[in-house]
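J.: Okay, so here is protein.txt, and as you'll see once you scroll down, it has compact mmCIF, N, CA and C atoms.
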# COMPACT_ATOMS: atom_id res chain seq x y z
N MET A 1 -34.56 -27.39 28.01
CA MET A 1 -34.52 -25.94 28.15
C MET A 1 -33.20 -25.44 27.57
N ASP A 2 -33.30 -24.61 26.54
CA ASP A 2 -32.11 -24.04 25.92
C ASP A 2 -31.84 -22.68 26.54
N GLU A 3 -30.75 -22.56 27.25
CA GLU A 3 -30.41 -21.31 27.91
C GLU A 3 -29.51 -20.43 27.05
N GLY A 4 -29.20 -20.85 25.86
CA GLY A 4 -28.38 -20.04 24.99
C GLY A 4 -26.92 -20.42 25.06
N GLU A 5 -26.15 -19.62 24.41
CA GLU A 5 -24.71 -19.86 24.29
C GLU A 5 -23.99 -18.98 25.31
N PHE A 6 -23.19 -19.56 26.15
CA PHE A 6 -22.46 -18.81 27.16
C PHE A 6 -21.01 -18.61 26.72
N ARG A 7 -20.45 -17.46 27.06
CA ARG A 7 -19.06 -17.13 26.75
C ARG A 7 -18.49 -16.28 27.89
N THR A 8 -17.20 -16.10 27.86
CA THR A 8 -16.58 -15.14 28.76
C THR A 8 -16.77 -13.75 28.15
N ILE A 9 -16.48 -12.72 28.92
CA ILE A 9 -16.57 -11.35 28.39
C ILE A 9 -15.67 -11.22 27.16
N LYS A 10 -14.46 -11.73 27.26
CA LYS A 10 -13.54 -11.68 26.14
C LYS A 10 -14.10 -12.45 24.94
N GLY A 11 -14.76 -13.56 25.20
CA GLY A 11 -15.37 -14.35 24.15
C GLY A 11 -16.48 -13.60 23.43
N TYR A 12 -17.33 -12.90 24.19
CA TYR A 12 -18.38 -12.09 23.58
C TYR A 12 -17.77 -10.96 22.75
N ASN A 13 -16.71 -10.35 23.27
CA ASN A 13 -16.06 -9.27 22.53
C ASN A 13 -15.52 -9.77 21.20
N ARG A 14 -14.88 -10.92 21.22
CA ARG A 14 -14.33 -11.48 19.97
C ARG A 14 -15.45 -11.85 18.99
N LYS A 15 -16.54 -12.37 19.52
CA LYS A 15 -17.66 -12.75 18.67
C LYS A 15 -18.30 -11.51 18.02
N ASN A 16 -18.51 -10.46 18.82
CA ASN A 16 -19.21 -9.28 18.34
C ASN A 16 -18.34 -8.29 17.59
N ASN A 17 -17.07 -8.27 17.86
CA ASN A 17 -16.18 -7.34 17.19
C ASN A 17 -14.78 -7.95 17.16
N PRO A 18 -14.50 -8.78 16.17
CA PRO A 18 -13.24 -9.52 16.16
C PRO A 18 -11.99 -8.67 15.96
N THR A 19 -12.12 -7.46 15.43
CA THR A 19 -10.92 -6.67 15.17
C THR A 19 -10.61 -5.64 16.23
N LEU A 20 -11.61 -4.96 16.75
CA LEU A 20 -11.36 -3.90 17.72
C LEU A 20 -11.53 -4.41 19.15
N THR A 21 -10.51 -4.21 19.95
CA THR A 21 -10.62 -4.53 21.37
C THR A 21 -11.25 -3.34 22.09
N ASP A 22 -11.64 -3.54 23.34
CA ASP A 22 -12.18 -2.44 24.13
C ASP A 22 -11.17 -1.30 24.24
N ALA A 23 -9.91 -1.64 24.44
CA ALA A 23 -8.87 -0.62 24.55
C ALA A 23 -8.73 0.16 23.25
N MET A 24 -8.77 -0.55 22.12
CA MET A 24 -8.70 0.14 20.82
C MET A 24 -9.86 1.11 20.66
N GLU A 25 -11.05 0.68 21.08
CA GLU A 25 -12.21 1.57 21.02
C GLU A 25 -11.98 2.81 21.87
N ASP A 26 -11.43 2.64 23.08
CA ASP A 26 -11.18 3.79 23.95
C ASP A 26 -10.21 4.77 23.30
N TYR A 27 -9.17 4.27 22.70
CA TYR A 27 -8.20 5.14 22.03
C TYR A 27 -8.83 5.84 20.83
N LEU A 28 -9.54 5.09 20.00
CA LEU A 28 -10.15 5.68 18.82
C LEU A 28 -11.18 6.73 19.21
N GLU A 29 -11.94 6.44 20.25
CA GLU A 29 -12.92 7.42 20.75
C GLU A 29 -12.22 8.71 21.16
N MET A 30 -11.12 8.60 21.90
CA MET A 30 -10.41 9.79 22.36
C MET A 30 -9.74 10.52 21.19
N ILE A 31 -9.21 9.78 20.23
CA ILE A 31 -8.61 10.40 19.04
C ILE A 31 -9.67 11.21 18.31
N CYS A 32 -10.85 10.63 18.13
CA CYS A 32 -11.94 11.34 17.45
C CYS A 32 -12.42 12.54 18.27
N ARG A 33 -12.46 12.39 19.58
CA ARG A 33 -12.86 13.51 20.45
C ARG A 33 -11.88 14.67 20.28
N ASP A 34 -10.58 14.37 20.32
CA ASP A 34 -9.57 15.41 20.14
C ASP A 34 -9.61 16.00 18.73
N ALA A 35 -9.80 15.13 17.74
CA ALA A 35 -9.83 15.59 16.35
C ALA A 35 -11.03 16.51 16.11
N ARG A 36 -12.15 16.23 16.74
CA ARG A 36 -13.31 17.13 16.64
C ARG A 36 -13.00 18.49 17.25
N LYS A 37 -12.29 18.47 18.38
CA LYS A 37 -12.01 19.71 19.11
C LYS A 37 -10.85 20.51 18.51
N TYR A 38 -9.76 19.82 18.17
CA TYR A 38 -8.54 20.50 17.73
C TYR A 38 -8.20 20.29 16.26
N GLY A 39 -8.86 19.33 15.61
CA GLY A 39 -8.54 19.01 14.23
C GLY A 39 -7.55 17.86 14.11
N TYR A 40 -7.00 17.40 15.22
CA TYR A 40 -6.03 16.31 15.26
C TYR A 40 -5.85 15.87 16.71
N ALA A 41 -5.12 14.79 16.89
CA ALA A 41 -4.75 14.32 18.23
C ALA A 41 -3.24 14.18 18.27
N ARG A 42 -2.68 14.15 19.46
CA ARG A 42 -1.25 13.94 19.66
C ARG A 42 -1.05 12.91 20.76
N ILE A 43 0.05 12.18 20.64
CA ILE A 43 0.36 11.10 21.59
C ILE A 43 0.35 11.60 23.03
N ASN A 44 1.03 12.69 23.32
CA ASN A 44 1.14 13.16 24.71
C ASN A 44 -0.22 13.53 25.30
N HIS A 45 -1.07 14.15 24.48
CA HIS A 45 -2.39 14.51 24.99
C HIS A 45 -3.24 13.26 25.21
N LEU A 46 -3.18 12.31 24.27
CA LEU A 46 -3.92 11.05 24.44
C LEU A 46 -3.47 10.32 25.70
N ALA A 47 -2.16 10.24 25.88
CA ALA A 47 -1.61 9.55 27.04
C ALA A 47 -2.10 10.20 28.33
N ALA A 48 -2.07 11.53 28.38
CA ALA A 48 -2.52 12.24 29.57
C ALA A 48 -4.02 12.04 29.79
N ALA A 49 -4.81 12.13 28.73
CA ALA A 49 -6.26 12.01 28.85
C ALA A 49 -6.68 10.61 29.27
N LEU A 50 -5.96 9.60 28.80
CA LEU A 50 -6.31 8.21 29.10
C LEU A 50 -5.52 7.64 30.28
N HIS A 51 -4.63 8.46 30.85
CA HIS A 51 -3.82 8.06 32.00
C HIS A 51 -2.98 6.82 31.70
N VAL A 52 -2.28 6.87 30.56
CA VAL A 52 -1.36 5.80 30.17
C VAL A 52 -0.03 6.43 29.79
N LYS A 53 0.98 5.59 29.62
CA LYS A 53 2.30 6.08 29.22
C LYS A 53 2.30 6.39 27.72
N PRO A 54 3.06 7.39 27.30
CA PRO A 54 3.15 7.71 25.87
C PRO A 54 3.58 6.50 25.03
N SER A 55 4.44 5.65 25.57
CA SER A 55 4.89 4.48 24.80
C SER A 55 3.72 3.52 24.54
N SER A 56 2.85 3.34 25.52
CA SER A 56 1.66 2.50 25.33
C SER A 56 0.73 3.12 24.29
N CYS A 57 0.62 4.43 24.36
CA CYS A 57 -0.22 5.16 23.42
C CYS A 57 0.32 5.01 21.99
N SER A 58 1.61 5.14 21.83
CA SER A 58 2.23 4.98 20.50
C SER A 58 1.98 3.60 19.94
N LYS A 59 2.09 2.60 20.79
CA LYS A 59 1.87 1.22 20.34
C LYS A 59 0.42 1.03 19.88
N MET A 60 -0.52 1.57 20.64
CA MET A 60 -1.93 1.42 20.27
C MET A 60 -2.23 2.19 18.98
N VAL A 61 -1.66 3.35 18.81
CA VAL A 61 -1.87 4.12 17.58
C VAL A 61 -1.33 3.34 16.39
N SER A 62 -0.23 2.64 16.56
CA SER A 62 0.29 1.84 15.46
C SER A 62 -0.66 0.68 15.12
N HIS A 63 -1.33 0.12 16.12
CA HIS A 63 -2.34 -0.92 15.85
C HIS A 63 -3.52 -0.32 15.08
N LEU A 64 -3.95 0.85 15.49
CA LEU A 64 -5.07 1.51 14.81
C LEU A 64 -4.69 1.91 13.38
N ARG A 65 -3.44 2.29 13.21
CA ARG A 65 -2.96 2.62 11.87
C ARG A 65 -2.94 1.37 10.99
N ALA A 66 -2.53 0.24 11.55
CA ALA A 66 -2.51 -1.03 10.81
C ALA A 66 -3.92 -1.44 10.39
N LEU A 67 -4.92 -1.08 11.18
CA LEU A 67 -6.31 -1.37 10.84
C LEU A 67 -6.91 -0.29 9.92
N GLU A 68 -6.07 0.67 9.54
CA GLU A 68 -6.46 1.79 8.67
C GLU A 68 -7.58 2.63 9.27
N LEU A 69 -7.51 2.82 10.60
CA LEU A 69 -8.48 3.66 11.29
C LEU A 69 -7.94 5.05 11.58
N VAL A 70 -6.61 5.18 11.57
CA VAL A 70 -5.97 6.49 11.77
C VAL A 70 -4.79 6.64 10.83
N ASP A 71 -4.48 7.87 10.54
CA ASP A 71 -3.23 8.24 9.88
C ASP A 71 -2.39 8.95 10.92
N SER A 72 -1.11 8.68 10.94
CA SER A 72 -0.26 9.36 11.91
C SER A 72 1.15 9.47 11.38
N GLU A 73 1.84 10.46 11.91
CA GLU A 73 3.25 10.66 11.60
C GLU A 73 4.03 10.43 12.88
N ARG A 74 5.24 9.92 12.74
CA ARG A 74 6.08 9.72 13.92
C ARG A 74 6.30 11.07 14.61
N TYR A 75 5.97 11.12 15.90
CA TYR A 75 6.08 12.34 16.70
C TYR A 75 5.22 13.47 16.14
N GLY A 76 4.14 13.13 15.45
CA GLY A 76 3.30 14.15 14.84
C GLY A 76 1.84 14.00 15.19
N VAL A 77 1.03 14.49 14.30
CA VAL A 77 -0.40 14.48 14.52
C VAL A 77 -1.02 13.14 14.15
N ILE A 78 -2.15 12.88 14.76
CA ILE A 78 -2.91 11.66 14.51
C ILE A 78 -4.30 12.12 14.07
N CYS A 79 -4.76 11.59 12.96
CA CYS A 79 -6.09 11.92 12.45
C CYS A 79 -6.84 10.64 12.08
N PRO A 80 -8.12 10.58 12.39
CA PRO A 80 -8.90 9.42 11.98
C PRO A 80 -9.04 9.39 10.45
N THR A 81 -9.05 8.20 9.90
CA THR A 81 -9.35 8.04 8.48
C THR A 81 -10.87 8.12 8.34
N GLN A 82 -11.36 8.02 7.13
CA GLN A 82 -12.81 8.04 6.94
C GLN A 82 -13.47 6.90 7.72
N ARG A 83 -12.90 5.71 7.61
CA ARG A 83 -13.43 4.56 8.35
C ARG A 83 -13.29 4.78 9.86
N GLY A 84 -12.17 5.39 10.28
CA GLY A 84 -11.97 5.71 11.68
C GLY A 84 -13.03 6.68 12.20
N TRP A 85 -13.38 7.67 11.35
CA TRP A 85 -14.44 8.61 11.74
C TRP A 85 -15.79 7.92 11.85
N GLU A 86 -16.06 6.99 10.95
CA GLU A 86 -17.34 6.28 10.98
C GLU A 86 -17.47 5.49 12.28
N ILE A 87 -16.45 4.73 12.60
CA ILE A 87 -16.49 3.94 13.84
C ILE A 87 -16.39 4.85 15.05
N GLY A 88 -15.46 5.79 15.01
CA GLY A 88 -15.28 6.71 16.14
C GLY A 88 -16.50 7.57 16.40
N GLY A 89 -17.19 7.98 15.34
CA GLY A 89 -18.42 8.76 15.51
C GLY A 89 -19.47 7.96 16.26
N TYR A 90 -19.57 6.68 15.92
CA TYR A 90 -20.50 5.82 16.64
C TYR A 90 -20.07 5.68 18.11
N LEU A 91 -18.76 5.52 18.35
CA LEU A 91 -18.27 5.37 19.72
C LEU A 91 -18.57 6.61 20.55
N LEU A 92 -18.39 7.79 19.95
CA LEU A 92 -18.70 9.04 20.66
C LEU A 92 -20.20 9.14 20.94
N HIS A 93 -20.99 8.78 19.95
CA HIS A 93 -22.44 8.81 20.11
C HIS A 93 -22.88 7.84 21.21
N ARG A 94 -22.33 6.65 21.19
CA ARG A 94 -22.64 5.65 22.22
C ARG A 94 -22.31 6.20 23.61
N HIS A 95 -21.14 6.81 23.73
CA HIS A 95 -20.71 7.40 25.00
C HIS A 95 -21.70 8.47 25.45
N ASP A 96 -22.04 9.37 24.54
CA ASP A 96 -22.93 10.49 24.89
C ASP A 96 -24.31 10.01 25.33
N ILE A 97 -24.88 9.04 24.61
CA ILE A 97 -26.21 8.53 24.96
C ILE A 97 -26.17 7.82 26.31
N LEU A 98 -25.19 6.96 26.49
CA LEU A 98 -25.10 6.24 27.76
C LEU A 98 -24.84 7.19 28.92
N HIS A 99 -23.99 8.19 28.71
CA HIS A 99 -23.71 9.18 29.75
C HIS A 99 -24.98 9.96 30.10
N ALA A 100 -25.71 10.40 29.10
CA ALA A 100 -26.95 11.15 29.34
C ALA A 100 -27.95 10.29 30.11
N PHE A 101 -28.08 9.03 29.72
CA PHE A 101 -29.00 8.13 30.41
C PHE A 101 -28.60 7.95 31.88
N LEU A 102 -27.33 7.69 32.13
CA LEU A 102 -26.88 7.46 33.51
C LEU A 102 -27.01 8.72 34.36
N CYS A 103 -26.72 9.87 33.78
CA CYS A 103 -26.89 11.13 34.53
C CYS A 103 -28.36 11.35 34.88
N LEU A 104 -29.23 11.08 33.92
CA LEU A 104 -30.66 11.23 34.17
C LEU A 104 -31.13 10.22 35.21
N LEU A 105 -30.73 8.99 35.06
CA LEU A 105 -31.14 7.93 35.97
C LEU A 105 -30.69 8.21 37.40
N ASN A 106 -29.45 8.68 37.55
CA ASN A 106 -28.88 8.90 38.87
C ASN A 106 -29.01 10.35 39.35
N GLN A 107 -29.64 11.18 38.51
CA GLN A 107 -29.84 12.60 38.85
C GLN A 107 -28.52 13.28 39.24
N THR A 108 -27.51 13.07 38.37
CA THR A 108 -26.19 13.66 38.57
C THR A 108 -25.78 14.42 37.32
N GLN A 109 -24.66 15.09 37.38
CA GLN A 109 -24.14 15.82 36.24
C GLN A 109 -23.00 15.10 35.54
N ASN A 110 -22.39 14.13 36.23
CA ASN A 110 -21.23 13.47 35.64
C ASN A 110 -21.20 11.99 36.02
N GLU A 111 -21.35 11.16 35.01
CA GLU A 111 -21.28 9.71 35.18
C GLU A 111 -20.23 9.12 34.24
N THR A 112 -19.15 9.88 34.02
CA THR A 112 -18.12 9.47 33.06
C THR A 112 -17.51 8.12 33.42
N GLU A 113 -17.14 7.93 34.67
CA GLU A 113 -16.49 6.68 35.05
C GLU A 113 -17.38 5.48 34.77
N GLN A 114 -18.64 5.57 35.18
CA GLN A 114 -19.56 4.45 34.95
C GLN A 114 -19.83 4.26 33.46
N THR A 115 -19.92 5.37 32.72
CA THR A 115 -20.12 5.28 31.27
C THR A 115 -18.96 4.54 30.62
N GLU A 116 -17.74 4.91 30.98
CA GLU A 116 -16.55 4.27 30.41
C GLU A 116 -16.52 2.77 30.74
N GLN A 117 -17.01 2.40 31.89
CA GLN A 117 -17.01 1.00 32.28
C GLN A 117 -18.08 0.20 31.56
N LEU A 118 -19.20 0.83 31.25
CA LEU A 118 -20.34 0.11 30.66
C LEU A 118 -20.41 0.16 29.14
N GLU A 119 -19.85 1.18 28.53
CA GLU A 119 -20.11 1.42 27.11
C GLU A 119 -19.73 0.27 26.19
N HIS A 120 -18.77 -0.53 26.55
CA HIS A 120 -18.34 -1.62 25.68
C HIS A 120 -19.33 -2.79 25.67
N PHE A 121 -20.27 -2.78 26.59
CA PHE A 121 -21.21 -3.88 26.71
C PHE A 121 -22.59 -3.55 26.17
N VAL A 122 -22.79 -2.33 25.69
CA VAL A 122 -24.10 -1.91 25.20
C VAL A 122 -24.19 -2.21 23.70
N THR A 123 -25.21 -2.96 23.31
CA THR A 123 -25.41 -3.27 21.90
C THR A 123 -26.04 -2.08 21.18
N GLU A 124 -25.97 -2.10 19.85
CA GLU A 124 -26.59 -1.02 19.07
C GLU A 124 -28.09 -0.95 19.33
N ARG A 125 -28.73 -2.09 19.44
CA ARG A 125 -30.18 -2.12 19.71
C ARG A 125 -30.49 -1.47 21.05
N THR A 126 -29.73 -1.83 22.09
CA THR A 126 -29.94 -1.23 23.40
C THR A 126 -29.70 0.26 23.35
N LEU A 127 -28.67 0.67 22.63
CA LEU A 127 -28.37 2.09 22.51
C LEU A 127 -29.52 2.85 21.86
N ARG A 128 -30.07 2.30 20.78
CA ARG A 128 -31.21 2.94 20.11
C ARG A 128 -32.40 3.05 21.06
N ASN A 129 -32.62 2.00 21.84
CA ASN A 129 -33.74 2.03 22.79
C ASN A 129 -33.50 3.03 23.92
N LEU A 130 -32.27 3.13 24.40
CA LEU A 130 -31.95 4.14 25.42
C LEU A 130 -32.17 5.55 24.86
N GLU A 131 -31.77 5.73 23.62
CA GLU A 131 -31.93 7.03 22.97
C GLU A 131 -33.41 7.42 22.89
N ARG A 132 -34.28 6.45 22.65
CA ARG A 132 -35.72 6.70 22.61
C ARG A 132 -36.30 6.89 24.01
N LEU A 133 -35.70 6.23 25.00
CA LEU A 133 -36.21 6.28 26.37
C LEU A 133 -35.86 7.59 27.08
N ILE A 134 -34.72 8.17 26.78
CA ILE A 134 -34.25 9.36 27.49
C ILE A 134 -35.29 10.48 27.49
N PRO A 135 -35.86 10.87 26.34
CA PRO A 135 -36.85 11.96 26.38
C PRO A 135 -38.08 11.62 27.23
N LEU A 136 -38.49 10.36 27.23
CA LEU A 136 -39.63 9.95 28.04
C LEU A 136 -39.31 10.09 29.53
N LEU A 137 -38.12 9.65 29.92
CA LEU A 137 -37.70 9.78 31.32
C LEU A 137 -37.55 11.24 31.72
N GLU A 138 -37.01 12.06 30.81
CA GLU A 138 -36.87 13.49 31.11
C GLU A 138 -38.24 14.11 31.38
N ARG A 139 -39.21 13.81 30.54
CA ARG A 139 -40.56 14.34 30.74
C ARG A 139 -41.17 13.83 32.05
N TYR A 140 -40.95 12.55 32.33
CA TYR A 140 -41.50 11.95 33.55
C TYR A 140 -40.92 12.62 34.80
N TRP A 141 -39.60 12.78 34.83
CA TRP A 141 -38.95 13.30 36.04
C TRP A 141 -39.11 14.81 36.19
N THR A 142 -39.30 15.50 35.10
CA THR A 142 -39.48 16.95 35.22
C THR A 142 -40.94 17.33 35.32
N GLY A 143 -41.85 16.36 35.09
CA GLY A 143 -43.27 16.62 35.19
C GLY A 143 -43.84 17.35 33.99
N VAL A 144 -43.06 17.47 32.92
CA VAL A 144 -43.53 18.16 31.71
C VAL A 144 -44.25 17.14 30.84
N GLU A 145 -45.47 17.46 30.46
CA GLU A 145 -46.26 16.56 29.60
C GLU A 145 -46.23 17.02 28.17
Would you mind giving the structure from this file in structure tokens?

T.:
Amino acid sequence: MDEGEFRTIKGYNRKNNPTLTDAMEDYLEMICRDARKYGYARINHLAAALHVKPSSCSKMVSHLRALELVDSERYGVICPTQRGWEIGGYLLHRHDILHAFLCLLNQTQNETEQTEQLEHFVTERTLRNLERLIPLLERYWTGVE
């Protein structure tokens, strides 16, 4: 009986995405969220939104800059690069779909904490299937045929 290949959570993360860590994804997602809203992001706002120190935020932005996912100026604005927008757009979409599903499932208005905890473990295939399932569940629970 072949039960498959087992790994630690960190091992699966490295296998599935060797360059971006979960923390990097969280920062890039927030940078893209701010850039959509304001046209750019700033260290102090990112730090406040993610509940981290500005120094930690600066360090992570430098990692994202090294991966060519963001452009930034010292003590200035941070903007996603084209590649950063591509990845960040997916991260935002993943967040929105998972959040909508959890809110529908739990009949609540806000499942941000649970979404943030789960989003790194959802595969693209699962996300596509959740996206297809949401309208069916909405019709089922609202009784609309």

J.: Separation of atom CA of Glu113 of chain A and atom C of Asp96 of chain A, in Å?

T.: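 Going from atom CA of Glu113 of chain A over to atom C of Asp96 of chain A, I get 12.9 Å.
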
J.: Running DSSP on the backbone, which parts of segment 10-140 of chain A land in strand (DSSP E), as a PyMOL selection string?

T.: chain A and resi 41-42+70-72+77-80

J.: Pick out the closest residue to Trp85 of chain A from this set: A:Ile134, A:Met60, A:Val70, A:Cys103. Count all atoms listed in the file.

T.: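 Going through A:Ile134, A:Met60, A:Val70, A:Cys103 one by one, the smallest distance to Trp85 of chain A is for A:Val70.
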
J.: Excluding same-chain residues fewer than 6 positions from Glu119 of chain A, what lies within 8 Å of it counting only C-alpha atoms, as number ranges by chain?

T.: A: 94-95, 98

J.: Counting only N, CA and C atoms, select every polymer residue within 7 Å of (-31.9, 14.2, 29.4) as defined in the file's coordinates, and provide the selection as a PyMOL selection string.

T.: chain A and resi 100-101+104+134-135+137-138

J.: From the list A:Ala35, A:Leu46, A:Val52, A:Leu28, which residue is nearest Leu69 of chain A when using only C-alpha atoms?

T.: A:Leu28

J.: Report, in Å to a single decimal, how far apart atom N of Thr81 of chain A and atom C of Glu29 of chain A are.

T.: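 Between atom C of Glu29 of chain A and atom N of Thr81 of chain A the gap is 11.7 Å.
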
J.: Just checking: using all atoms listed in the file, which residue out of A:Ile78, A:Leu105, A:Leu20, A:Val61 ends up closest to Cys32 of chain A?

T.: A:Ile78

J.: One decimal, in Å: what's the spacing between atom CA of Cys79 of chain A and atom CA of Ile31 of chain A?

T.: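 Computing the Euclidean distance for atom CA of Cys79 of chain A and atom CA of Ile31 of chain A yields 7.2 Å.
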
J.: Among chain A, which residues carry a DSSP assignment of helix (DSSP H, G or I), reported as a PyMOL selection string?

T.: chain A and resi 9-16+22-38+43-50+54-66+82-106+112-121+124-142

J.: Between A:Tyr40, A:Tyr75, A:Phe6, A:Tyr27, which has the minimum distance to His63 of chain A (counting only C-alpha atoms)?

T.: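 Going through A:Tyr40, A:Tyr75, A:Phe6, A:Tyr27 one by one, the smallest distance to His63 of chain A is for A:Tyr27.
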
J.: I need the residue nearest Ala49 of chain A from this list: A:Val122, A:Leu92, A:Asp34, A:Ile87. Use only C-alpha atoms for the distance.

T.: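 That would be A:Asp34, the residue with the smallest distance to Ala49 of chain A.
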
J.: Kindly indicate which residue among A:Arg42, A:Arg83, A:Arg65, A:Lys37 lies nearest to Met24 of chain A, using only C-alpha atoms for the distances.

T.: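 For Met24 of chain A, the nearest of the candidates is A:Arg65.
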